[in-house]
$ cat run_13.cif   # mmCIF, C-alpha atoms and all ligand atoms
data_model
loop_
_atom_site.label_atom_id
_atom_site.label_comp_id
_atom_site.auth_asym_id
_atom_site.auth_seq_id
_atom_site.Cartn_x
_atom_site.Cartn_y
_atom_site.Cartn_z
CA MET A 1 -52.81 0.70 -15.23
CA ALA A 2 -51.60 4.30 -15.05
CA ALA A 3 -50.75 3.81 -11.36
CA LEU A 4 -48.78 0.68 -12.20
CA ALA A 5 -46.88 2.51 -14.94
CA ALA A 6 -46.18 5.40 -12.56
CA SER A 7 -44.96 3.08 -9.79
CA SER A 8 -42.69 1.16 -12.16
CA SER A 9 -41.21 4.40 -13.50
CA MET A 10 -40.73 5.59 -9.91
CA ALA A 11 -38.95 2.33 -9.16
CA LYS A 12 -36.50 3.03 -11.97
CA LEU A 13 -35.58 6.51 -10.74
CA PRO A 14 -31.81 6.92 -10.48
CA ALA A 15 -30.50 7.01 -6.89
CA GLU A 16 -29.39 10.67 -7.24
CA ILE A 17 -32.89 11.78 -8.31
CA LEU A 18 -34.46 9.80 -5.48
CA PHE A 19 -32.04 11.44 -3.04
CA GLU A 20 -32.87 14.87 -4.48
CA ILE A 21 -36.58 14.14 -3.99
CA SER A 22 -35.93 13.16 -0.38
CA VAL A 23 -34.03 16.41 0.22
CA ARG A 24 -36.89 18.47 -1.26
CA VAL A 25 -39.48 16.56 0.76
CA LYS A 26 -37.50 17.20 3.94
CA ALA A 27 -37.12 20.86 3.11
CA THR A 28 -40.87 21.27 2.74
CA ALA A 29 -41.98 18.82 5.46
CA ALA A 30 -43.58 20.27 8.59
CA THR A 31 -41.79 17.72 10.79
CA PRO A 32 -39.29 14.91 10.12
CA LYS A 33 -42.17 12.48 10.75
CA ASP A 34 -43.60 13.49 7.36
CA LEU A 35 -40.75 11.57 5.73
CA LEU A 36 -41.55 8.33 7.51
CA PRO A 37 -44.15 7.02 4.99
CA CYS A 38 -41.53 7.34 2.23
CA VAL A 39 -39.25 4.91 4.08
CA PHE A 40 -41.87 2.16 3.68
CA VAL A 41 -42.27 2.48 -0.12
CA SER A 42 -39.42 0.16 -1.08
CA LYS A 43 -35.88 -0.80 -0.10
CA ARG A 44 -34.44 1.84 -2.44
CA TRP A 45 -36.71 4.52 -1.03
CA LYS A 46 -35.79 3.43 2.48
CA ALA A 47 -32.08 3.85 1.71
CA ALA A 48 -32.57 7.27 0.10
CA PHE A 49 -34.93 8.69 2.71
CA SER A 50 -33.10 7.23 5.73
CA SER A 51 -30.00 9.25 4.95
CA VAL A 52 -32.08 12.45 4.90
CA LEU A 53 -34.36 11.44 7.77
CA TYR A 54 -31.43 10.55 10.03
CA GLY A 55 -28.88 12.89 8.48
CA ASN A 56 -29.20 15.82 10.85
CA ILE A 57 -30.65 14.80 14.17
CA ALA A 58 -31.68 17.41 16.71
CA VAL A 59 -32.96 16.23 20.08
CA THR A 60 -33.95 18.12 23.20
CA ASP A 61 -33.41 16.64 26.65
CA ALA A 62 -37.07 15.57 26.59
CA VAL A 63 -36.49 13.10 23.76
CA LEU A 64 -32.80 12.28 24.20
CA GLY A 65 -33.74 9.19 26.25
CA ILE A 66 -36.21 7.96 23.60
CA PHE A 67 -33.62 8.58 20.89
CA LEU A 68 -30.97 6.58 22.75
CA ASP A 69 -33.32 3.76 23.74
CA ARG A 70 -35.06 3.28 20.40
CA LEU A 71 -32.52 4.18 17.73
CA ASN A 72 -31.32 1.12 15.88
CA VAL A 73 -27.69 2.26 15.86
CA ASP A 74 -26.48 -0.71 13.84
CA GLU A 75 -28.87 0.10 11.01
CA TYR A 76 -29.08 3.91 11.15
CA GLY A 77 -26.00 5.03 13.13
CA SER A 78 -24.03 5.53 9.92
CA CYS A 79 -26.77 7.79 8.46
CA ILE A 80 -26.20 10.45 11.13
CA ARG A 81 -24.04 13.31 9.83
CA SER A 82 -24.82 15.88 12.49
CA LEU A 83 -26.20 15.49 15.98
CA THR A 84 -27.51 18.36 18.11
CA VAL A 85 -28.45 17.92 21.77
CA HIS A 86 -30.36 20.87 23.23
CA LEU A 87 -30.82 20.99 27.00
CA THR A 88 -33.84 23.15 27.78
CA SER A 89 -34.79 22.05 31.30
CA ALA A 90 -33.23 20.45 34.36
CA ARG A 91 -33.39 16.70 34.06
CA ALA A 92 -32.16 14.27 36.70
CA ASP A 93 -31.04 11.65 34.17
CA ILE A 94 -29.10 13.95 31.85
CA GLU A 95 -25.69 12.85 33.16
CA LEU A 96 -26.63 9.20 32.60
CA ARG A 97 -28.01 9.99 29.14
CA LEU A 98 -24.88 11.87 28.05
CA THR A 99 -22.77 8.93 29.26
CA GLN A 100 -24.98 6.56 27.24
CA LEU A 101 -24.61 8.83 24.23
CA SER A 102 -20.81 8.73 24.54
CA GLU A 103 -21.00 4.92 24.61
CA LYS A 104 -22.97 4.84 21.34
CA MET A 105 -20.98 7.55 19.61
CA HIS A 106 -18.56 5.13 17.87
CA LYS A 107 -21.55 3.73 15.96
CA PHE A 108 -22.08 7.11 14.29
CA THR A 109 -19.38 6.26 11.81
CA LYS A 110 -20.06 9.17 9.44
CA LEU A 111 -20.70 11.87 12.03
CA LEU A 112 -19.31 15.22 10.89
CA SER A 113 -20.74 17.60 13.45
CA PHE A 114 -21.78 17.45 17.10
CA SER A 115 -23.42 20.22 19.09
CA PHE A 116 -24.43 20.39 22.74
CA ARG A 117 -26.26 23.52 23.82
CA GLN A 118 -27.71 24.35 27.21
CA ASP A 119 -30.34 27.07 27.49
CA VAL A 120 -29.31 30.08 29.50
CA LYS A 121 -32.44 29.65 31.63
CA CYS A 122 -31.68 25.99 32.39
CA HIS A 123 -29.72 26.29 35.62
CA MET A 124 -28.44 22.78 35.84
CA SER A 125 -24.85 21.91 36.59
CA ILE A 126 -23.54 19.06 34.49
CA PRO A 127 -20.10 17.76 35.52
CA THR A 128 -17.36 18.72 33.09
CA SER A 129 -16.33 15.05 33.08
CA CYS A 130 -19.48 14.32 31.00
CA PHE A 131 -18.24 16.59 28.22
CA LYS A 132 -14.79 15.03 28.44
CA LEU A 133 -16.43 11.64 27.79
CA ILE A 134 -18.38 13.08 24.86
CA VAL A 135 -15.33 14.73 23.23
CA GLU A 136 -13.19 11.63 23.66
CA SER A 137 -15.90 9.42 22.16
CA LEU A 138 -16.41 11.50 18.99
CA PRO A 139 -15.55 9.45 15.89
CA ASN A 140 -12.54 10.64 13.87
CA THR A 141 -14.92 11.77 11.13
CA CYS A 142 -16.30 14.51 13.38
CA VAL A 143 -14.65 17.79 12.37
CA ASN A 144 -17.21 20.29 13.72
CA LEU A 145 -17.94 20.69 17.40
CA GLU A 146 -19.98 23.03 19.53
CA LEU A 147 -20.03 22.77 23.34
CA ASP A 148 -22.10 25.55 24.88
CA THR A 149 -23.13 24.96 28.47
CA ASN A 150 -23.83 28.68 28.95
CA SER A 151 -21.18 28.38 31.68
CA HIS A 152 -23.42 26.09 33.75
CA ASN A 153 -21.06 23.08 33.79
CA THR A 154 -19.13 22.41 36.98
CA SER A 155 -15.70 21.01 37.54
CA ASN A 156 -14.66 19.01 40.52
CA THR A 157 -11.67 21.17 41.35
CA THR A 158 -10.25 18.70 43.83
CA LYS A 159 -9.78 16.21 41.00
CA ILE A 160 -6.85 17.10 38.79
CA ASN A 161 -7.52 16.72 35.07
CA ASP A 162 -11.23 17.31 35.57
CA HIS A 163 -11.38 19.61 32.60
CA VAL A 164 -12.20 19.14 28.96
CA CYS A 165 -9.38 21.29 27.51
CA GLU A 166 -6.83 18.51 26.97
CA SER A 167 -9.44 16.31 25.29
CA ILE A 168 -10.34 19.15 22.90
CA HIS A 169 -6.62 19.84 22.36
CA ARG A 170 -6.16 16.31 21.03
CA ILE A 171 -8.86 16.69 18.37
CA LEU A 172 -7.91 20.25 17.32
CA PRO A 173 -5.81 19.19 14.31
CA ARG A 174 -8.87 17.75 12.55
CA MET A 175 -11.34 20.49 13.56
CA GLU A 176 -12.91 22.73 10.92
CA HIS A 177 -15.53 24.58 12.98
CA LEU A 178 -15.29 24.75 16.76
CA ARG A 179 -17.37 26.81 19.15
CA LEU A 180 -16.95 26.70 22.92
CA ARG A 181 -18.61 28.28 25.91
CA LEU A 182 -17.74 26.50 29.15
CA SER A 183 -17.56 27.68 32.74
CA LYS A 184 -13.80 27.15 32.77
CA ILE A 185 -11.07 26.80 30.19
CA CYS A 186 -7.29 27.03 30.26
CA SER A 187 -4.23 27.24 28.07
CA SER A 188 -4.05 23.44 27.75
CA LEU A 189 -6.58 23.93 24.95
CA PHE A 190 -3.61 25.09 22.86
CA ILE A 191 -0.56 23.91 24.80
CA ASP A 192 0.34 20.26 25.19
CA LYS A 193 0.96 18.63 28.55
CA ALA A 194 4.66 19.44 28.47
CA ASP A 195 3.76 23.14 28.31
CA ARG A 196 4.93 23.56 24.76
CA LEU A 197 3.15 25.63 22.18
CA GLN A 198 5.36 23.98 19.60
CA PRO A 199 5.66 20.19 19.65
CA VAL A 200 8.94 18.34 19.20
CA ASP A 201 8.01 17.66 15.58
CA PRO A 202 8.39 21.06 13.87
CA ASP A 203 6.03 19.97 11.10
CA PHE A 204 3.18 19.32 13.52
CA ARG A 205 0.30 21.79 13.07
CA LEU A 206 -2.35 22.28 15.72
CA LEU A 207 -5.01 23.99 13.58
CA PRO A 208 -4.27 23.16 9.96
CA ASN A 209 -7.92 22.65 9.00
CA ILE A 210 -9.61 25.30 11.08
CA LYS A 211 -12.21 27.47 9.35
CA SER A 212 -13.85 28.99 12.41
CA LEU A 213 -13.00 28.94 16.09
CA VAL A 214 -15.22 30.81 18.53
CA ILE A 215 -14.55 30.90 22.26
CA CYS A 216 -17.20 32.79 24.17
CA CYS A 217 -16.00 33.85 27.63
CA PHE A 218 -19.23 35.13 29.13
CA ALA A 219 -22.84 34.08 29.60
CA PRO A 220 -25.89 36.37 29.56
CA TRP A 221 -26.72 35.50 33.18
CA GLY A 222 -23.55 37.28 34.28
CA ALA A 223 -21.05 34.43 34.41
CA ARG A 224 -17.55 34.91 33.04
CA THR A 225 -15.40 31.98 31.99
CA GLY A 226 -12.66 31.19 34.49
CA VAL A 227 -9.39 29.31 34.33
CA CYS A 228 -9.48 25.61 35.30
CA TYR A 229 -8.37 25.09 38.92
CA GLU A 230 -7.83 28.82 39.49
CA PHE A 231 -9.85 31.85 40.45
CA ARG A 232 -8.89 33.96 37.47
CA LEU A 233 -10.68 35.13 34.35
CA GLY A 234 -10.22 32.91 31.30
CA TRP A 235 -10.20 35.81 28.80
CA PRO A 236 -6.64 37.15 29.49
CA GLU A 237 -5.09 33.69 29.67
CA VAL A 238 -6.70 32.25 26.55
CA THR A 239 -6.30 35.38 24.39
CA LYS A 240 -2.60 35.50 25.31
CA THR A 241 -2.05 31.80 24.53
CA LEU A 242 -3.96 32.08 21.27
CA GLU A 243 -2.01 35.18 20.30
CA ASN A 244 1.28 33.33 20.90
CA LEU A 245 0.08 30.32 18.95
CA LEU A 246 -0.93 32.45 15.95
CA GLU A 247 2.47 34.19 15.99
CA MET A 248 4.45 30.94 16.19
CA ASP A 249 2.37 28.58 14.06
CA PRO A 250 2.39 29.42 10.34
CA GLY A 251 -0.01 26.55 9.70
CA VAL A 252 -3.17 28.28 10.90
CA PRO A 253 -5.16 29.25 7.78
CA ARG A 254 -5.08 33.06 7.60
CA ASP A 255 -8.55 33.19 6.09
CA SER A 256 -10.10 31.42 9.07
CA TYR A 257 -12.28 33.17 11.63
CA ILE A 258 -10.69 32.96 15.06
CA TYR A 259 -12.84 34.90 17.48
CA MET A 260 -12.79 35.37 21.23
CA LEU A 261 -15.81 36.99 22.88
CA THR A 262 -16.32 38.70 26.18
CA ASP A 263 -18.69 41.22 27.64
CA GLY A 264 -17.48 44.68 28.58
CA ILE A 265 -15.88 44.75 32.01
CA GLU A 266 -16.30 48.03 33.88
CA PRO A 267 -13.09 50.08 33.73
CA HIS A 268 -14.02 53.58 34.95
CA LEU A 269 -16.25 54.18 37.91
CA GLN A 270 -16.71 57.81 36.94
CA HIS A 271 -18.38 56.75 33.66
CA HIS A 272 -20.59 54.29 35.44
CA TYR A 273 -23.86 55.96 34.41
CA ARG A 274 -22.80 56.35 30.78
CA GLN A 275 -21.59 52.81 30.13
CA MET A 276 -23.45 50.64 27.66
CA SER A 277 -23.88 46.94 27.99
CA THR A 278 -21.22 45.75 25.50
CA VAL A 279 -20.26 42.55 23.71
CA ILE A 280 -16.68 42.42 22.41
CA ARG A 281 -15.57 40.21 19.54
CA ALA A 282 -11.80 39.99 19.14
CA ASP A 283 -10.57 38.83 15.74
CA MET A 284 -7.36 37.07 16.79
CA ILE A 285 -5.98 36.69 13.24
CA ASN A 286 -6.29 40.34 12.26
CA LYS A 287 -5.68 41.68 15.79
CA GLU A 288 -8.69 43.93 15.85
CA SER A 289 -11.96 43.83 17.68
CA TRP A 290 -15.48 45.14 17.52
CA ALA A 291 -17.23 46.37 20.63
CA ILE A 292 -20.97 46.16 20.06
CA PRO A 293 -23.33 48.18 22.28
CA CYS A 294 -26.74 46.98 23.46
CA ALA A 295 -29.45 49.10 25.06
CA THR A 296 -32.28 47.39 26.89
CA PRO A 297 -35.43 49.48 27.34
CA ARG A 298 -36.47 49.80 30.95
CA ASN A 299 -40.07 49.09 31.91
CA HIS A 300 -40.72 47.06 28.79
CA GLU A 301 -43.16 44.25 29.30
CA GLY A 302 -42.53 40.88 27.70
CA PRO A 303 -39.32 38.98 27.02
CA GLU A 304 -36.14 41.02 27.27
CA ARG A 305 -35.06 42.45 23.97
CA SER A 306 -32.40 45.05 23.28
CA LEU A 307 -31.39 47.55 20.66
CA VAL A 308 -28.07 46.53 19.10
CA ARG A 309 -25.87 48.82 17.00
CA LEU A 310 -23.91 46.61 14.65
CA PRO A 311 -20.53 47.15 12.98
CA ASN A 312 -22.29 47.51 9.60
CA GLY A 313 -24.31 50.47 10.89
CA ALA A 314 -27.57 48.51 11.22
CA GLU A 315 -29.75 49.07 14.29
CA VAL A 316 -31.87 46.09 15.25
CA VAL A 317 -33.91 44.96 18.20
CA THR A 318 -33.33 41.34 19.15
CA ASN A 319 -33.26 38.87 22.05
CA THR A 320 -30.26 37.44 23.90
CA ALA A 321 -29.74 34.64 21.39
CA GLY A 322 -29.87 37.18 18.56
CA ILE A 323 -27.31 39.47 20.22
CA GLU A 324 -24.91 36.55 20.68
CA SER A 325 -25.34 35.24 17.18
CA LEU A 326 -24.83 38.69 15.63
CA ALA A 327 -21.82 39.41 17.89
CA GLU A 328 -20.26 36.10 16.80
CA ASP A 329 -20.82 37.03 13.16
CA GLN A 330 -23.35 34.17 12.88
CA LEU A 331 -20.71 31.47 12.40
CA TRP A 332 -23.10 28.78 13.66
CA LEU A 333 -26.73 28.79 12.60
CA ASN A 334 -29.93 27.17 13.75
CA ALA A 335 -31.76 25.08 11.18
CA ILE A 336 -35.51 24.70 11.30
CA GLY A 337 -36.13 21.69 13.52
CA GLY A 338 -33.30 22.56 15.90
CA ALA A 339 -30.07 21.32 14.27
CA ARG A 340 -27.04 23.55 14.87
CA ILE A 341 -24.87 23.73 11.77
CA PRO A 342 -21.72 25.73 10.99
CA ALA A 343 -22.85 28.66 8.84
CA ALA A 344 -20.43 27.81 6.02
CA VAL A 345 -21.95 24.32 5.73
CA LEU A 346 -25.55 25.55 5.83
CA LYS A 347 -24.83 28.27 3.29
CA ALA A 348 -23.24 25.72 0.94
CA GLU A 349 -26.41 23.65 1.27
CA ILE A 350 -28.64 26.64 0.55
CA GLN A 351 -26.57 27.45 -2.54
CA GLY A 352 -27.15 23.92 -3.80
CA ASN A 353 -23.64 22.60 -3.13
CA THR A 354 -23.04 19.22 -1.57
CA SER A 355 -23.00 19.34 2.20
CA PHE A 356 -23.94 17.14 5.12
CA ALA A 357 -26.86 19.46 5.94
CA SER A 358 -29.12 17.92 3.26
CA GLY A 359 -32.57 19.48 3.36
CA CYS A 360 -31.72 21.79 6.27
CA ILE A 361 -33.14 25.30 6.14
CA GLU A 362 -31.85 28.22 8.18
CA ALA A 363 -34.17 29.31 10.98
CA SER A 364 -34.41 33.08 11.05
CA LEU A 365 -33.26 35.04 14.08
CA ASP A 366 -35.78 37.00 16.10
CA LEU A 367 -34.61 40.30 14.65
CA VAL A 368 -36.54 43.52 13.92
CA PRO A 369 -35.13 46.78 12.51
CA ILE A 370 -35.50 49.53 15.11
CA GLU A 371 -38.02 51.48 13.01
CA HIS A 372 -40.45 48.54 13.00
CA SER A 373 -39.92 47.33 16.56
CA SER A 374 -42.51 47.49 19.31
CA GLU A 375 -39.73 48.45 21.76
CA ARG A 376 -39.14 51.76 20.02
CA VAL A 377 -41.78 53.54 22.12
CA GLN A 378 -39.95 52.52 25.30
CA LEU A 379 -36.51 53.28 23.87
CA GLU A 380 -37.62 56.82 23.02
CA LYS A 381 -38.10 57.43 26.74
CA GLU A 382 -34.48 56.55 27.57
CA SER A 383 -32.16 59.43 28.53
CA TRP A 384 -29.63 58.50 25.82
CA TRP A 385 -32.34 58.62 23.13
CA LYS A 386 -33.38 62.11 24.26
CA ALA A 387 -29.73 63.20 24.37
CA GLU A 388 -29.19 61.93 20.81
CA GLU A 389 -32.25 63.86 19.62
CA ARG A 390 -30.93 66.99 21.34
CA VAL A 391 -27.41 66.81 19.90
CA GLY A 392 -28.52 65.37 16.55
CA ALA A 393 -25.98 62.54 16.55
CA LYS A 394 -25.39 59.06 17.96
CA ILE A 395 -23.72 59.20 21.36
CA PHE A 396 -22.71 55.53 21.27
CA ASP A 397 -22.03 53.16 18.42
CA ALA A 398 -20.14 49.98 17.56
CA GLU A 399 -16.41 50.65 18.05
CA LYS A 400 -13.54 49.13 16.12
CA ARG A 401 -10.47 48.62 18.30
CA SER A 402 -7.02 47.87 17.00
CA GLY A 403 -3.35 48.20 17.92
CA PRO A 404 -2.59 47.77 21.62
CA TYR A 405 -6.26 48.16 22.52
CA TYR A 406 -7.71 45.34 20.50
CA LEU A 407 -8.04 43.07 23.53
CA SER A 408 -9.47 45.83 25.72
CA THR A 409 -12.52 44.76 27.69
CA ALA A 410 -13.67 48.35 28.25
CA PRO A 411 -17.39 48.81 27.69
CA ILE A 412 -18.64 51.46 25.31
CA VAL A 413 -19.27 54.80 27.00
CA GLN A 414 -21.80 57.38 25.78
CA MET A 415 -19.86 60.32 24.34
CA LEU A 416 -21.33 63.71 23.45
CA PRO A 417 -19.99 65.47 20.35
CA SER A 418 -17.64 68.40 20.92
CA GLY A 419 -19.44 71.53 22.06
CA TRP A 420 -21.77 69.53 24.30
CA ALA A 421 -21.54 68.41 27.94
CA TRP A 422 -23.72 66.76 30.54
CA ASN A 423 -25.17 69.10 33.15
CA PHE A 424 -25.71 68.00 36.75
CA LEU A 425 -29.21 66.77 35.86
CA GLY A 426 -27.76 64.45 33.25
CA THR A 427 -29.05 66.51 30.31
CA ALA A 428 -26.89 67.30 27.27
CA VAL A 429 -26.28 71.07 27.09
CA ARG A 430 -24.23 73.32 24.80
CA VAL A 431 -21.01 74.62 26.28
ZN ZN B 1 -8.68 23.45 31.32
#
$ encode --input "run_13.cif" --output "structure tokens" --more "lines below"
Ligand SMILES: [Zn+2]
Amino acid sequence: MAALAASSSMAKLPAEILFEISVRVKATAATPKDLLPCVFVSKRWKAAFSSVLYGNIAVTDAVLGIFLDRLNVDEYGSCIRSLTVHLTSARADIELRLTQLSEKMHKFTKLLSFSFRQDVKCHMSIPTSCFKLIVESLPNTCVNLELDTNSHNTSNTTKINDHVCESIHRILPRMEHLRLRLSKICSSLFIDKADRLQPVDPDFRLLPNIKSLVICCFAPWGARTGVCYEFRLGWPEVTKTLENLLEMDPGVPRDSYIYMLTDGIEPHLQHHYRQMSTVIRADMINKESWAIPCATPRNHEGPERSLVRLPNGAEVVTNTAGIESLAEDQLWLNAIGGARIPAAVLKAEIQGNTSFASGCIEASLDLVPIEHSSERVQLEKESWWKAEERVGAKIFDAEKRSGPYYLSTAPIVQMLPSGWAWNFLGTAVRV
């Protein structure tokens, strides 16, 4: 009798409460599968839980095929708000699967965010034409996009127009959060085919809705983004075009984050031994940049982790993904379960505001303060650590660059305080 009363009162629950329950269940569920039994309770439960169960889909290459083959797109396609595809290993059918995905994309009628990410260790070249298909198939509702091939995608340079830039250019006006790392890019991201920064219609705005735009021009395996069809670095061309666009277009929101990233490119051979591995984040709106130094302990066993000195003064030890995320100011975040969500959206969700990331929880970065890290013992053996102990000060730190130097790609160089110099053995001595 009590069970009957309970089930009838459950049946009367308002839709909003039922939805709230589904969000809480998802937030505490070990895997999305835990929500499945709820779908079978009743039609109302099915509707409420489907939107949370299918709301933010994250698939790796291992299950992309199953997802595409088994998803009932007609019934559940409209429940998908964000879709993340994570390529972790080389897979012969990935090109076919991405093409199939682009064919189904129009069924995801409420899609707000799409992310493709390729692991740095997955050395598989996917033709750029695949990403062109994906971008062109995104429904008009999709206003957040991440394409990160870790510079592994390849273009068929003999085929003109085999680049994704023009396709991204066409969807820029609706974009809110955009993050790109491709092997090649060019100014047609921001300039239309007729080579105009400004279109014929003076009221046209290219980035009226942008909240964050991140273009990463390097990959941890040493690749640097090039220019489509040319053997030149992408960084100078795209920073210049973006700079011109921001000067000419008053419609770009001034409170948006428009960041270009590169690694430090060796400028001075004589400082070769004193250069730090450096990630540079240029803030294109405010015309200033932060150069962030990383020190990797030599002879450390286990996965590679580095000490990073951050603009806020913090010193942390983290992995490659952590360095990149911190350098990019964490504008895109990982949710538990694998979904990639713009940070602003995930933070709104965490604060209890309405967002498409219902039930998503931020996955923490692999990040340890230097004083608690197991790498500290190895770092203490580095020559720079000993030099810092000797002089009693940091000899490298995050650097803020502004004025004519804000687009400098110079790496950070270890600098002794005045009154100190390096002797021929590489030891800091008083002079
Ligand atoms: Zn291009």
$ residues_around --input "run_13.cif" --residues "Leu83 (chain A)" --least-positions-apart "3" --cutoff "6 Å" --atoms "only C-alpha atoms" --output "VMD selection string"
chain A and resid 56 to 58 114
$ write_last_selection --input "run_13.cif" --atoms "C-alpha atoms" --output "mmCIF file, in the coordinates of the input"
data_model
loop_
_atom_site.group_PDB
_atom_site.id
_atom_site.type_symbol
_atom_site.label_atom_id
_atom_site.label_comp_id
_atom_site.auth_asym_id
_atom_site.auth_seq_id
_atom_site.Cartn_x
_atom_site.Cartn_y
_atom_site.Cartn_z
ATOM 1 C CA ASN A 56 -29.200 15.820 10.850
ATOM 2 C CA ILE A 57 -30.650 14.800 14.170
ATOM 3 C CA ALA A 58 -31.680 17.410 16.710
ATOM 4 C CA PHE A 114 -21.780 17.450 17.100
#
$ residues_near_ligand --input "run_13.cif" --ligand "ligand ZN 1 (chain B)" --cutoff "8 Å" --atoms "only C-alpha atoms and all ligand atoms" --output "PyMOL selection string"
chain A and resi 161-166+184-189+227-229
$ residues_around --input "run_13.cif" --residues "Cys122 (chain A)" --least-positions-apart "6" --cutoff "7 Å" --atoms "all atoms listed in the file" --output "NGL selection string"
:A and (88-90)
$ residues_around --input "run_13.cif" --residues "Ala314 (chain A)" --least-positions-apart "3" --cutoff "12 Å" --atoms "only C-alpha atoms" --output "MDAnalysis selection string"
chainID A and resid 292:293 307:311 317 326 367:371 397:398
$ closest_residue --input "run_13.cif" --among "A:Lys107, A:Arg117, A:Lys287, A:Arg430" --to "Ala339 (chain A)" --atoms "only C-alpha atoms"
A:Arg117
$ closest_residue --input "run_13.cif" --among "A:Leu96, A:Phe49, A:Ala295, A:Asp148" --to "Glu16 (chain A)" --atoms "all atoms listed in the file"
A:Phe49
$ residues_around --input "run_13.cif" --residues "Cys130 (chain A)" --least-positions-apart "5" --cutoff "7 Å" --atoms "all atoms listed in the file" --output "VMD selection string"
chain A and resid 95 98 to 99
$ residues_around --input "run_13.cif" --residues "Leu207 (chain A)" --least-positions-apart "2" --cutoff "9 Å" --atoms "only C-alpha atoms" --output "PyMOL selection string"
chain A and resi 172-176+205+209-210+249+251-253
